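The file model17.cif contains mmCIF, C-alpha atoms:
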data_coords
#
loop_
_atom_site.label_atom_id
_atom_site.label_comp_id
_atom_site.auth_asym_id
_atom_site.auth_seq_id
_atom_site.Cartn_x
_atom_site.Cartn_y
_atom_site.Cartn_z
CA LYS A 5 -9.20 305.40 -66.51
CA LEU A 6 -6.00 307.10 -67.67
CA THR A 7 -7.43 309.96 -69.73
CA GLY A 8 -5.37 313.09 -69.13
CA LYS A 9 -2.37 311.10 -67.84
CA VAL A 10 1.06 310.94 -69.46
CA ALA A 11 3.00 307.69 -69.18
CA ILE A 12 6.55 306.74 -70.07
CA ILE A 13 6.97 303.04 -70.81
CA THR A 14 10.51 301.83 -71.36
CA GLY A 15 11.16 298.76 -73.46
CA ALA A 16 7.79 299.06 -75.17
CA THR A 17 8.62 297.62 -78.59
CA SER A 18 7.59 294.05 -77.68
CA GLY A 19 6.39 291.76 -74.92
CA ILE A 20 5.20 293.18 -71.60
CA GLY A 21 6.12 296.75 -72.54
CA LYS A 22 4.14 296.71 -75.79
CA ALA A 23 1.14 295.04 -74.14
CA THR A 24 1.21 297.65 -71.36
CA ALA A 25 1.48 300.51 -73.84
CA LEU A 26 -1.50 299.24 -75.81
CA LEU A 27 -3.56 298.82 -72.64
CA PHE A 28 -2.63 302.31 -71.40
CA ALA A 29 -3.65 303.72 -74.79
CA GLU A 30 -7.01 301.95 -74.59
CA GLU A 31 -7.46 303.54 -71.16
CA GLY A 32 -6.73 307.00 -72.64
CA ALA A 33 -3.14 307.75 -71.61
CA ASP A 34 -0.82 309.78 -73.81
CA LEU A 35 2.46 307.91 -74.13
CA VAL A 36 6.17 308.08 -74.61
CA ILE A 37 7.49 304.64 -75.48
CA THR A 38 11.09 303.57 -75.78
CA GLY A 39 13.12 300.78 -77.25
CA ARG A 40 16.38 300.02 -79.00
CA ARG A 41 14.81 298.93 -82.30
CA ALA A 42 13.52 301.94 -84.24
CA GLU A 43 11.40 300.11 -86.77
CA LEU A 44 9.56 298.17 -84.07
CA GLY A 45 9.13 301.35 -82.04
CA LYS A 46 7.66 303.26 -84.96
CA ALA A 47 5.23 300.40 -85.63
CA VAL A 48 4.04 300.34 -82.01
CA GLU A 49 3.79 304.14 -82.04
CA ALA A 50 1.51 303.97 -85.11
CA GLU A 51 -0.61 301.22 -83.55
CA ILE A 52 -1.08 303.31 -80.40
CA ARG A 53 -1.99 306.44 -82.34
CA GLN A 54 -4.75 304.49 -84.06
CA LYS A 55 -6.39 304.24 -80.64
CA GLY A 56 -6.86 308.01 -80.62
CA VAL A 57 -4.17 309.02 -78.14
CA ARG A 58 -0.88 310.82 -78.59
CA CYS A 59 2.30 308.77 -78.66
CA VAL A 60 5.98 309.55 -79.15
CA PHE A 61 8.58 306.84 -79.74
CA VAL A 62 12.10 307.59 -78.53
CA GLU A 63 14.86 305.23 -79.59
CA ALA A 64 16.85 304.64 -76.42
CA ASP A 65 19.37 302.30 -74.89
CA HIS A 66 18.59 302.67 -71.20
CA SER A 67 22.06 301.48 -70.21
CA GLN A 68 23.14 304.96 -71.36
CA ALA A 69 22.38 307.77 -68.88
CA ASP A 70 22.16 310.32 -71.71
CA ASP A 71 19.41 308.26 -73.37
CA CYS A 72 17.44 308.23 -70.10
CA SER A 73 17.75 312.02 -69.88
CA ARG A 74 16.67 312.38 -73.50
CA VAL A 75 13.52 310.31 -72.85
CA VAL A 76 12.41 312.46 -69.92
CA ASP A 77 13.31 315.70 -71.74
CA ARG A 78 11.33 314.57 -74.79
CA THR A 79 8.35 313.69 -72.60
CA LEU A 80 8.34 317.10 -70.94
CA ALA A 81 8.76 318.85 -74.28
CA ALA A 82 5.83 316.94 -75.79
CA TYR A 83 3.41 316.90 -72.85
CA GLY A 84 4.80 319.04 -70.02
CA ARG A 85 4.29 316.34 -67.39
CA VAL A 86 4.99 312.75 -66.32
CA ASP A 87 2.24 311.00 -64.37
CA ILE A 88 3.30 307.38 -64.75
CA LEU A 89 6.72 305.82 -65.27
CA PHE A 90 6.85 302.12 -66.08
CA ASN A 91 10.47 300.93 -65.98
CA ASN A 92 10.08 297.83 -68.10
CA ALA A 93 13.26 297.72 -70.23
CA GLY A 94 15.46 294.83 -69.19
CA ILE A 95 17.59 291.93 -70.32
CA VAL A 96 17.71 288.31 -69.20
CA THR A 97 21.19 286.93 -68.56
CA ARG A 98 21.95 283.34 -67.64
CA GLY A 99 24.72 281.46 -65.89
CA THR A 100 26.16 280.91 -62.45
CA ALA A 101 28.51 283.29 -60.61
CA GLU A 102 31.76 281.63 -61.65
CA PRO A 103 31.56 281.95 -65.46
CA THR A 104 29.77 285.33 -65.42
CA THR A 105 32.07 287.78 -67.19
CA ASP A 106 32.59 291.39 -66.20
CA GLU A 107 30.91 292.37 -69.47
CA VAL A 108 27.73 290.39 -68.69
CA TRP A 109 27.70 291.61 -65.08
CA ASN A 110 28.12 295.26 -66.08
CA GLU A 111 25.54 295.11 -68.87
CA THR A 112 22.99 293.39 -66.62
CA LEU A 113 23.45 296.01 -63.91
CA ALA A 114 23.38 298.88 -66.40
CA VAL A 115 20.12 297.84 -68.06
CA ASN A 116 18.22 296.17 -65.21
CA VAL A 117 19.26 298.30 -62.23
CA THR A 118 21.08 301.53 -63.06
CA ALA A 119 18.62 302.47 -65.81
CA VAL A 120 15.70 302.08 -63.40
CA TRP A 121 17.46 304.37 -60.93
CA HIS A 122 18.28 306.93 -63.66
CA MET A 123 14.70 307.03 -64.93
CA CYS A 124 13.33 307.39 -61.40
CA ARG A 125 15.88 310.05 -60.48
CA LEU A 126 14.87 312.02 -63.57
CA GLY A 127 11.11 311.52 -63.24
CA ILE A 128 10.66 312.05 -59.50
CA PRO A 129 11.39 315.81 -59.45
CA GLN A 130 8.73 316.42 -62.11
CA MET A 131 6.21 314.23 -60.29
CA LYS A 132 6.90 316.09 -57.05
CA ARG A 133 6.30 319.44 -58.80
CA GLN A 134 2.98 318.07 -60.10
CA GLY A 135 1.92 316.90 -56.64
CA GLY A 136 2.29 313.18 -57.24
CA GLY A 137 2.79 310.32 -59.64
CA VAL A 138 3.18 306.60 -60.07
CA ILE A 139 6.32 304.56 -60.70
CA VAL A 140 6.12 300.87 -61.54
CA ASN A 141 9.33 298.88 -61.83
CA ASN A 142 9.30 295.57 -63.66
CA GLY A 143 10.73 293.09 -61.23
CA SER A 144 10.39 289.34 -61.39
CA ASP A 145 9.39 286.49 -59.13
CA TRP A 146 13.17 286.23 -58.91
CA SER A 147 13.14 289.61 -57.17
CA VAL A 148 12.10 287.74 -54.05
CA VAL A 149 13.00 284.08 -54.67
CA ALA A 150 16.27 282.99 -56.29
CA GLY A 151 16.44 280.77 -59.34
CA ARG A 152 19.11 278.51 -60.76
CA ASP A 153 21.51 279.29 -63.60
CA ALA A 154 20.52 282.93 -63.92
CA PHE A 155 22.79 284.53 -61.33
CA PRO A 156 23.27 287.97 -62.94
CA TYR A 157 19.55 288.34 -63.74
CA VAL A 158 18.38 287.16 -60.30
CA MET A 159 20.81 289.53 -58.59
CA SER A 160 19.63 292.45 -60.72
CA LYS A 161 15.94 291.79 -60.09
CA GLY A 162 16.63 291.45 -56.35
CA ALA A 163 18.17 294.91 -56.51
CA VAL A 164 15.12 296.26 -58.33
CA GLY A 165 12.91 294.85 -55.57
CA MET A 166 14.86 296.56 -52.80
CA MET A 167 15.20 299.80 -54.79
CA THR A 168 11.43 299.84 -55.21
CA LYS A 169 10.80 299.29 -51.50
CA ALA A 170 13.27 302.02 -50.52
CA MET A 171 11.78 304.54 -52.95
CA ALA A 172 8.23 303.65 -51.85
CA LEU A 173 9.17 304.54 -48.27
CA ASP A 174 11.14 307.64 -49.23
CA TYR A 175 8.45 309.22 -51.42
CA ALA A 176 5.10 308.05 -49.99
CA ARG A 177 4.61 311.32 -48.09
CA GLU A 178 5.05 313.22 -51.36
CA ASN A 179 2.15 311.41 -53.05
CA LEU A 180 4.42 309.24 -55.18
CA ARG A 181 3.38 305.61 -55.33
CA VAL A 182 6.27 303.26 -56.17
CA ASN A 183 5.58 299.58 -56.82
CA ALA A 184 7.08 296.62 -58.61
CA VAL A 185 5.41 294.01 -60.75
CA CYS A 186 6.96 290.66 -59.93
#
What's the structure tokens form of this structure?
Amino acid sequence: KLTGKVAIITGATSGIGKATALLFAEEGADLVITGRRAELGKAVEAEIRQKGVRCVFVEADHSQADDCSRVVDRTLAAYGRVDILFNNAGIVTRGTAEPTTDEVWNETLAVNVTAVWHMCRLGIPQMKRQGGGVIVNNGSDWSVVAGRDAFPYVMSKGAVGMMTKAMALDYARENLRVNAVC
């Protein structure tokens, strides 16, 4: 189903990201996968290559704008295109509003919200040049319904939900499909 497509999957060294990367590989996509842990990333890269598709692991901390740029640049250098962007990298932070520190707030926003925006902002121009593409943002059920004792995380996933809706409206006429998995 994905033969001939190039996908970037952030946070693909474990969990949902790894499972998605393996499924995309089975469906024939060539991949760029990212994560903060190099040894896990290299292991997933090798596992994907055994499925007969190309894969490049890029060690990246998506809270850093330069790392986001490096991922997209590396993808274009390796494959010359980006068909699918799955913004999966994220962190779970707990607590109520009162004890949430500036550090936790800023890190949660940087990884869960700003990184999604950076990756989209970098990928969209290429997708437009190609005539279309797909962006999937990893939200949460807490993107639409609040939960207790996870204030920073809930807030960040609510932002991802609204960002996704806004981008879906802004880019639908340019053959870019933007959705969130919640």
Show me the residues around (2.8, 301.7, -72.3) - criterion: an atom at most 8 Å away, all atoms listed in the file counted - as an mmCIF file with C-alpha atoms, keeping the file's coordinate frame.
data_model
loop_
_atom_site.group_PDB
_atom_site.id
_atom_site.type_symbol
_atom_site.label_atom_id
_atom_site.label_comp_id
_atom_site.auth_asym_id
_atom_site.auth_seq_id
_atom_site.Cartn_x
_atom_site.Cartn_y
_atom_site.Cartn_z
ATOM 1 C CA ALA A 11 3.000 307.690 -69.180
ATOM 2 C CA ILE A 12 6.550 306.740 -70.070
ATOM 3 C CA ILE A 13 6.970 303.040 -70.810
ATOM 4 C CA THR A 14 10.510 301.830 -71.360
ATOM 5 C CA ALA A 16 7.790 299.060 -75.170
ATOM 6 C CA GLY A 21 6.120 296.750 -72.540
ATOM 7 C CA LYS A 22 4.140 296.710 -75.790
ATOM 8 C CA ALA A 23 1.140 295.040 -74.140
ATOM 9 C CA THR A 24 1.210 297.650 -71.360
ATOM 10 C CA ALA A 25 1.480 300.510 -73.840
ATOM 11 C CA LEU A 26 -1.500 299.240 -75.810
ATOM 12 C CA LEU A 27 -3.560 298.820 -72.640
ATOM 13 C CA PHE A 28 -2.630 302.310 -71.400
ATOM 14 C CA ALA A 29 -3.650 303.720 -74.790
ATOM 15 C CA LEU A 35 2.460 307.910 -74.130
ATOM 16 C CA VAL A 36 6.170 308.080 -74.610
ATOM 17 C CA ILE A 37 7.490 304.640 -75.480
ATOM 18 C CA PHE A 90 6.850 302.120 -66.080
#
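Atom CA of A:Ala154 sits 8.0 Å away from atom CA of A:Val96.
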Checklist outcome for this item: Of A:Ser67, A:Ala50, A:Glu30, A:Val158, the one sitting nearest A:Thr100 when using all atoms listed in the file is A:Val158
Next on the checklist: From the options A:Gly99, A:Gly151, A:Gly32, A:Gly137, which residue's atoms come nearest to A:Asn183, counting only C-alpha atoms?
Outcome noted: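 Smallest distance to A:Asn183 is found for A:Gly137.
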I would like the residues chosen by the PyMOL selection byres ((chain A and resi 113) around 12) on the shown file; could you give them as a PDB file with C-alpha atoms, in the frame of the given file?
ATOM      1  CA  HIS A  66      18.590 302.670 -71.200  1.00  0.00           C
ATOM      2  CA  SER A  67      22.060 301.480 -70.210  1.00  0.00           C
ATOM      3  CA  GLN A  68      23.140 304.960 -71.360  1.00  0.00           C
ATOM      4  CA  GLY A  94      15.460 294.830 -69.190  1.00  0.00           C
ATOM      5  CA  ILE A  95      17.590 291.930 -70.320  1.00  0.00           C
ATOM      6  CA  VAL A  96      17.710 288.310 -69.200  1.00  0.00           C
ATOM      7  CA  THR A  97      21.190 286.930 -68.560  1.00  0.00           C
ATOM      8  CA  ASP A 106      32.590 291.390 -66.200  1.00  0.00           C
ATOM      9  CA  GLU A 107      30.910 292.370 -69.470  1.00  0.00           C
ATOM     10  CA  VAL A 108      27.730 290.390 -68.690  1.00  0.00           C
ATOM     11  CA  TRP A 109      27.700 291.610 -65.080  1.00  0.00           C
ATOM     12  CA  ASN A 110      28.120 295.260 -66.080  1.00  0.00           C
ATOM     13  CA  GLU A 111      25.540 295.110 -68.870  1.00  0.00           C
ATOM     14  CA  THR A 112      22.990 293.390 -66.620  1.00  0.00           C
ATOM     15  CA  ALA A 114      23.380 298.880 -66.400  1.00  0.00           C
ATOM     16  CA  VAL A 115      20.120 297.840 -68.060  1.00  0.00           C
ATOM     17  CA  ASN A 116      18.220 296.170 -65.210  1.00  0.00           C
ATOM     18  CA  VAL A 117      19.260 298.300 -62.230  1.00  0.00           C
ATOM     19  CA  THR A 118      21.080 301.530 -63.060  1.00  0.00           C
ATOM     20  CA  ALA A 119      18.620 302.470 -65.810  1.00  0.00           C
ATOM     21  CA  VAL A 120      15.700 302.080 -63.400  1.00  0.00           C
ATOM     22  CA  TRP A 121      17.460 304.370 -60.930  1.00  0.00           C
ATOM     23  CA  PHE A 155      22.790 284.530 -61.330  1.00  0.00           C
ATOM     24  CA  PRO A 156      23.270 287.970 -62.940  1.00  0.00           C
ATOM     25  CA  TYR A 157      19.550 288.340 -63.740  1.00  0.00           C
ATOM     26  CA  VAL A 158      18.380 287.160 -60.300  1.00  0.00           C
ATOM     27  CA  MET A 159      20.810 289.530 -58.590  1.00  0.00           C
ATOM     28  CA  SER A 160      19.630 292.450 -60.720  1.00  0.00           C
ATOM     29  CA  LYS A 161      15.940 291.790 -60.090  1.00  0.00           C
ATOM     30  CA  GLY A 162      16.630 291.450 -56.350  1.00  0.00           C
ATOM     31  CA  ALA A 163      18.170 294.910 -56.510  1.00  0.00           C
ATOM     32  CA  VAL A 164      15.120 296.260 -58.330  1.00  0.00           C
TER      33      VAL A 164
END
Next on the checklist: Which residues would end up in the selection if the PyMOL selection byres ((chain A and resi 41) around 12) were applied here, given that I need the answer as a ChimeraX atom specification?
Outcome noted: /A:15-18,37-40,42-48,61-65
Checklist entry - Which distance in Å separates atom CA of A:His122 and atom CA of A:Gly19, to one decimal? => result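 Atom-to-atom, atom CA of A:His122 and atom CA of A:Gly19 are spaced 22.3 Å apart.
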Checklist entry - Of the candidates A:Ala69, A:Cys124, A:Val60, A:Val138, which one gets nearest to A:Ala81 if we count all atoms listed in the file? => result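 Going through A:Ala69, A:Cys124, A:Val60, A:Val138 one by one, the smallest distance to A:Ala81 is for A:Val60.
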Checklist entry - Applied to the shown file, which residues does the PyMOL selection byres ((chain A and resi 178-180) around 12) return, written as a PyMOL selection string? => result chain A and resi 86-89+124+127-140+168+171-177+181-183
Checklist outcome for this item: One decimal place gives the atom CA of A:Thr104-atom CA of A:Asn92 separation as 23.5 Å
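Within the 8 Å cut-off around A:Leu126, using all atoms listed in the file and omitting residues fewer than 6 positions from it on the same chain, the listed residues are Cys72, Ser73 and Val76 of chain A.
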Next on the checklist: At a cut-off of 12 Å around the point (-5.4, 319.6, -66.3) (file coordinates), what residues fall inside when counting only C-alpha atoms? I'd like the answer as a PyMOL selection string.
Outcome noted: chain A and resi 7-10+83-85+87+134
Six-sided padding of 8 Å per side, axis-aligned box over stretch 59-69 of chain A, centre and edges in Å, one decimal, as JSON:
{"center_x": 12.7, "center_y": 305.5, "center_z": -74.3, "size_x": 36.8, "size_y": 24.1, "size_z": 26.9}
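Each of A:Asp153, A:Val75, A:Ala82, A:Trp146 was checked against A:Pro103 using only C-alpha atoms; the smallest atom-to-atom distance is that of A:Asp153.
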